[in-house]
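See below for the structure under consideration.
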2 protein chains.
Amino acid sequence: MSSLTFELIKKSSRSKARRGRITTRHSVIETPVFMPVGTQATVKAMKPEEVRDMGADIILGNTYHLFLRPGHELIREAGGLHKFMNWDRAILTDSGGFQIFSLAKLRKITEEGVYFSSHLDGSKHFLSPELAIETENNLGADIIMSFDECAPYPSTYEYTKKSMYMTTRWAERCQKAHKNTEKQALFGIVQGGMFEDLRKISARDLVSMDFPGYSIGGLSVGEPAELMYDMLDKTVPELPENKPRYLMGVGSPDYLIEGSIRGIDMFDCVLPTRLGRNGTVLTSHGRVIVRDAKYARDFTPIDPECNCPACKNYTRAYIRHLIKTDEMFGLRLCTLHNLHFLINLMKSIRGAIINDSLLDFRDEFFEKFGYRKKDQ
Amino acid sequence: MSSLTFELIKKSSRSKARRGRITTRHSVIETPVFMPVGTQATVKAMKPEEVRDMGADIILGNTYHLFLRPGHELIREAGGLHKFMNWDRAILTDSGGFQIFSLAKLRKITEEGVYFSSHLDGSKHFLSPELAIETENNLGADIIMSFDECAPYPSTYEYTKKSMYMTTRWAERCQKAHKNTEKQALFGIVQGGMFEDLRKISARDLVSMDFPGYSIGGLSVGEPAELMYDMLDKTVPELPENKPRYLMGVGSPDYLIEGSIRGIDMFDCVLPTRLGRNGTVLTSHGRVIVRDAKYARDFTPIDPECNCPACKNYTRAYIRHLIKTDEMFGLRLCTLHNLHFLINLMKSIRGAIINDSLLDFRDEFFEKFGYRKKDQ
């Protein structure tokens, strides 16, 4: 089999939404899909069985973090990331680019690659398209990303243009460096900031290189939601219908729904795990800060409409007690619920695409959750 | 049924060891048993299913901690501690006495009870035998403890004597205050420090009050192991054969084995959970500090002889990586393994009692684990 196949199951007649299926060597992934983030070879506060049991078919690993600790050579010696972390379904790794630009210090960008200092200990490192791919080859994820520069928001047109063209040249170098094409599918990453023409050029140039899938980077970096939606509206039509489309770093419920409506197939975000560790949960009626005093004697579940193990077995009062007393299990329950909530949301989105009712689903979800409706 | 029954299955012919079975309203407990500690209504870093799956039939809750947070009235409103924390097997609560003397500040001990300041926020509280029992009644554990003073080590003979007699008077008051005798079995606690005659007086006086079980408190408080063993040798023969005997706060592998040899039926200790959170694990060949650099590329399990989920699925290298990167899952795996190790040790002890080979088992275990053999 090839490293990745994508099957288009249904196209909405009312929006660009599509229901698909990605097959990798480790699992079959129903799309649109939300991918939990396992930055350091673990989905924070979870164990693999819990992530599997909630229905996750694919998770993320972060190349930048694993490059620094424990190192990709060590993970290769361990038999690859799947074996190292005991996860037998698909994994996607990013290229490290985004984290170098958001976390690392003293970085110097050259055509050859990026010099940077570790955010952990200041140690000096260099990553190039070739080294990023070598790292990702050693990690052995099913889907890997080309090395890109994610331009900050806001950036000038000139800066963004230069950066976008370099990212495209880097994508070519990544494609050449990629040794393991039979097992790992390399995606190109569309950049171009908030500039329609740059996004289109980036997309067309990458599409001409014929990647097995395309990522959209450099969005959800601080710009207004409407601007992101607009960029998606301009970018997605440039991408081929028969390849999966991945909107990087996006995972709030509204973005997942609006992204699906705009034809995105894959999403990832640290939101559910990060919120969970702060004692905040997503519910069908909006966010709940379960550590608040008003829940001290609330003997109802986090979300009465949810059937996850946290909601079936525990009350807000108990979870609040755990958080107030610094007990790890409280953060576990909040994280478990939040991941379950988003994975379940994607199930509903997929069902709504099949019924061609995603726009109605959006309106109902937004009203109940407390979002302002998009068109009001 | 009564709150607790104890069945004696086998008595060793070569030591005081015995194999028994305690039946409570929530579970049947094979003895000798090690009870994981769930101080704040959770076994730290674990979820109830994990504790159940490793074969724990009973866990502990700490009255002092639950009295302060979230409060026993709240737990009563939640339907009791079992329901609050989603644990459907037996629970034992201590009386809060030990923690008042080890954790709280500015305590003042009177015949009536103890005035103390919370170690959390300095707030002032009072606990008496009657209030401790009221608290334990509200928590609703299957086995509850009478309110005692645990004299520090070392203490003078005079202090220990006065304290022991007061603890006995408090035990009488606890017995009178206990309202829920059909569902909760109240144990008396033998005190008397390191003085043989005081231990015997304490035991005899409590036995005359006919409790459904007896605890031995005030040991493993800093005294040499040999002194503790000597006190057990002097105390246990004073206790009735047909009632369970609980050695409080003891849980290192050597103490579990030596205690069982001396006729103890129940043990508890924070050791496995606390060690686990520090990245230290118990193995058949002794303690391993898995965070050490020498395990960075050790792709073998924590303990190759162990069949717990942590040892079946993960390597030392992976667990070390998790601990070095502050990932919660590393502490979960270490804690899970340590609890499994002690629960499995108790299984071996019970098997050895049935075969009447516990003394040989001790010698073999000690040699392999790296303990000095007792008689050398």
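Letters A, B, ... mark the chains of the structure tokens in the order given; residue numbers begin at 1 per chain; ligand numbers begin at 1, in order shown.
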
Discussion item. List the spatial neighbours of Ile216 (chain A) as a PyMOL selection string - criterion: any atom at most 9 Å away, only C-alpha atoms, same-chain residues fewer than 3 positions off excluded.
Written reply: chain A and resi 188-191+203+219+232+235-236+245-248

Discussion item. List as a ChimeraX atom specification the protein and nucleic acid residues near Thr31 (chain B), meaning an atom at most 7 Å away when only C-alpha atoms are counted, but skip any in the same chain fewer than 2 places from it.
Written reply: /B:19-21,29,33,265-266

Item to complete: Give the strand (DSSP E or B) residues of region 102-321 of chain A, as DSSP finds them on the backbone, and put them as a PyMOL selection string.
Response: chain A and resi 105-109+114-117+124-127+143-145+185-190+214-216+245-247+266-269+280-283+286-289

Take the residues just selected and output them with N, CA and C atoms as a short mmCIF file (atom, residue, chain, number, x, y, z; two decimals), in the first residue's frame.
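The file below, result-v7.cif, is the result:
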data_model
loop_
_atom_site.label_atom_id
_atom_site.label_comp_id
_atom_site.auth_asym_id
_atom_site.auth_seq_id
_atom_site.Cartn_x
_atom_site.Cartn_y
_atom_site.Cartn_z
N LYS A 105 14.72 30.70 21.09
CA LYS A 105 15.26 32.05 21.26
C LYS A 105 16.37 32.29 20.25
N LEU A 106 16.69 33.56 20.04
CA LEU A 106 17.87 33.93 19.27
C LEU A 106 17.93 33.21 17.95
N ARG A 107 16.82 33.13 17.26
CA ARG A 107 16.87 32.38 16.01
C ARG A 107 17.40 33.27 14.89
N LYS A 108 18.08 32.63 13.95
CA LYS A 108 18.58 33.34 12.78
C LYS A 108 18.14 32.54 11.56
N ILE A 109 17.34 33.17 10.72
CA ILE A 109 16.78 32.48 9.57
C ILE A 109 17.67 32.73 8.36
N VAL A 114 17.55 27.24 9.86
CA VAL A 114 17.38 28.14 11.00
C VAL A 114 18.31 27.76 12.14
N TYR A 115 19.07 28.75 12.60
CA TYR A 115 19.87 28.59 13.81
C TYR A 115 19.03 29.07 14.97
N PHE A 116 19.00 28.29 16.06
CA PHE A 116 18.18 28.72 17.20
C PHE A 116 18.76 28.19 18.51
N SER A 117 18.33 28.82 19.59
CA SER A 117 18.71 28.35 20.93
C SER A 117 17.49 27.69 21.57
N LYS A 124 22.56 25.58 21.55
CA LYS A 124 22.43 26.03 20.16
C LYS A 124 22.16 24.86 19.22
N HIS A 125 21.26 25.08 18.27
CA HIS A 125 20.88 24.03 17.32
C HIS A 125 20.67 24.64 15.93
N PHE A 126 20.61 23.74 14.95
CA PHE A 126 20.34 24.15 13.57
C PHE A 126 19.35 23.17 12.97
N LEU A 127 18.34 23.68 12.34
CA LEU A 127 17.42 22.80 11.60
C LEU A 127 17.25 23.35 10.19
N ILE A 143 2.19 10.61 8.87
CA ILE A 143 2.07 11.84 8.09
C ILE A 143 3.09 12.83 8.63
N ILE A 144 3.89 13.41 7.76
CA ILE A 144 4.92 14.34 8.22
C ILE A 144 4.81 15.66 7.46
N MET A 145 5.35 16.70 8.05
CA MET A 145 5.21 18.04 7.49
C MET A 145 6.54 18.52 6.93
N ALA A 185 3.77 9.88 4.62
CA ALA A 185 3.25 10.82 3.62
C ALA A 185 3.67 12.24 4.01
N LEU A 186 4.39 12.91 3.10
CA LEU A 186 4.87 14.27 3.36
C LEU A 186 3.89 15.30 2.80
N PHE A 187 3.41 16.19 3.67
CA PHE A 187 2.50 17.27 3.24
C PHE A 187 3.30 18.55 3.00
N GLY A 188 2.90 19.32 2.01
CA GLY A 188 3.41 20.68 1.85
C GLY A 188 2.56 21.65 2.66
N ILE A 189 3.16 22.76 3.10
CA ILE A 189 2.43 23.71 3.94
C ILE A 189 2.24 25.04 3.20
N VAL A 190 0.97 25.39 3.01
CA VAL A 190 0.64 26.67 2.37
C VAL A 190 0.86 27.80 3.38
N TYR A 214 -2.10 18.53 1.82
CA TYR A 214 -1.69 19.93 1.96
C TYR A 214 -2.13 20.50 3.30
N SER A 215 -1.19 21.18 3.94
CA SER A 215 -1.50 21.84 5.20
C SER A 215 -1.64 23.33 4.95
N ILE A 216 -2.45 23.96 5.78
CA ILE A 216 -2.56 25.42 5.73
C ILE A 216 -2.00 25.94 7.05
N ARG A 245 -6.78 18.02 3.40
CA ARG A 245 -6.40 19.41 3.72
C ARG A 245 -6.39 19.56 5.24
N TYR A 246 -5.29 20.07 5.72
CA TYR A 246 -5.07 20.11 7.17
C TYR A 246 -4.86 21.56 7.61
N LEU A 247 -5.75 22.05 8.46
CA LEU A 247 -5.63 23.41 9.00
C LEU A 247 -4.89 23.33 10.33
N MET A 266 -8.69 18.09 8.30
CA MET A 266 -7.92 17.73 9.50
C MET A 266 -7.62 18.98 10.33
N PHE A 267 -7.69 18.80 11.65
CA PHE A 267 -7.42 19.89 12.60
C PHE A 267 -6.60 19.34 13.77
N ASP A 268 -5.83 20.22 14.41
CA ASP A 268 -5.19 19.86 15.68
C ASP A 268 -5.11 21.10 16.53
N CYS A 269 -5.07 20.91 17.85
CA CYS A 269 -4.92 22.06 18.74
C CYS A 269 -4.64 21.56 20.15
N THR A 280 -10.71 24.04 33.20
CA THR A 280 -11.81 24.59 32.40
C THR A 280 -12.29 23.50 31.45
N VAL A 281 -13.60 23.38 31.32
CA VAL A 281 -14.15 22.33 30.46
C VAL A 281 -15.10 22.91 29.42
N LEU A 282 -15.15 22.24 28.28
CA LEU A 282 -16.07 22.59 27.20
C LEU A 282 -17.35 21.79 27.40
N THR A 283 -18.49 22.45 27.36
CA THR A 283 -19.75 21.72 27.48
C THR A 283 -20.68 22.17 26.35
N GLY A 286 -21.41 25.73 26.55
CA GLY A 286 -20.30 26.68 26.66
C GLY A 286 -19.24 26.23 27.66
N ARG A 287 -18.25 27.10 27.85
CA ARG A 287 -17.16 26.78 28.76
C ARG A 287 -17.59 26.87 30.22
N VAL A 288 -17.08 25.96 31.04
CA VAL A 288 -17.34 25.99 32.48
C VAL A 288 -15.99 25.95 33.20
N ILE A 289 -15.78 26.91 34.09
CA ILE A 289 -14.56 26.92 34.91
C ILE A 289 -14.90 26.14 36.17
#

Discussion item. Please determine, counting only C-alpha atoms, which residue among A:Ser27, A:Thr63, A:Ser348, A:Thr325 has the shortest atom-to-atom distance to chain B.
Written reply: A:Thr325

Item to complete: Pull out every residue of chain B that has at least one atom within 8 Å of chain A, counting only C-alpha atoms, and report them as a count of residues only.
Response: 25

Worksheet entry | Contact residues around Pro152 (chain B) with only C-alpha atoms at 8 Å, ignoring same-chain residues under 3 positions, as a list in words | Ser155, Gly218 and Val221 of chain B

Near Glu258 (chain A), within 8 Å and counting only C-alpha atoms, which residues show up once chain neighbours fewer than 3 positions away are dropped, as a PDB file with N, CA, C and O atoms, in the first residue's frame?
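Dumped everything to result.pdb:
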ATOM      1  N   TYR A 229     -11.286  33.042   8.232  1.00  0.00           N
ATOM      2  CA  TYR A 229     -12.288  32.412   7.367  1.00  0.00           C
ATOM      3  C   TYR A 229     -12.110  32.879   5.918  1.00  0.00           C
ATOM      4  O   TYR A 229     -12.205  32.095   4.972  1.00  0.00           O
ATOM      5  N   ASP A 254     -15.877  26.570  17.428  1.00  0.00           N
ATOM      6  CA  ASP A 254     -16.349  27.383  16.295  1.00  0.00           C
ATOM      7  C   ASP A 254     -15.436  27.217  15.078  1.00  0.00           C
ATOM      8  O   ASP A 254     -15.906  27.064  13.950  1.00  0.00           O
ATOM      9  N   TYR A 255     -14.117  27.193  15.313  1.00  0.00           N
ATOM     10  CA  TYR A 255     -13.178  27.038  14.200  1.00  0.00           C
ATOM     11  C   TYR A 255     -13.291  25.656  13.560  1.00  0.00           C
ATOM     12  O   TYR A 255     -13.131  25.516  12.345  1.00  0.00           O
ATOM     13  N   ILE A 261     -16.895  23.550   7.285  1.00  0.00           N
ATOM     14  CA  ILE A 261     -17.780  24.145   6.275  1.00  0.00           C
ATOM     15  C   ILE A 261     -16.973  24.625   5.067  1.00  0.00           C
ATOM     16  O   ILE A 261     -17.437  24.578   3.931  1.00  0.00           O
ATOM     17  N   ARG A 262     -15.724  25.044   5.327  1.00  0.00           N
ATOM     18  CA  ARG A 262     -14.870  25.574   4.257  1.00  0.00           C
ATOM     19  C   ARG A 262     -14.001  24.494   3.595  1.00  0.00           C
ATOM     20  O   ARG A 262     -13.081  24.804   2.859  1.00  0.00           O
ATOM     21  N   ARG A 362     -24.391  24.064  12.643  1.00  0.00           N
ATOM     22  CA  ARG A 362     -23.596  25.194  13.142  1.00  0.00           C
ATOM     23  C   ARG A 362     -24.473  26.176  13.911  1.00  0.00           C
ATOM     24  O   ARG A 362     -24.155  26.562  15.035  1.00  0.00           O
TER      25      ARG A 362
END
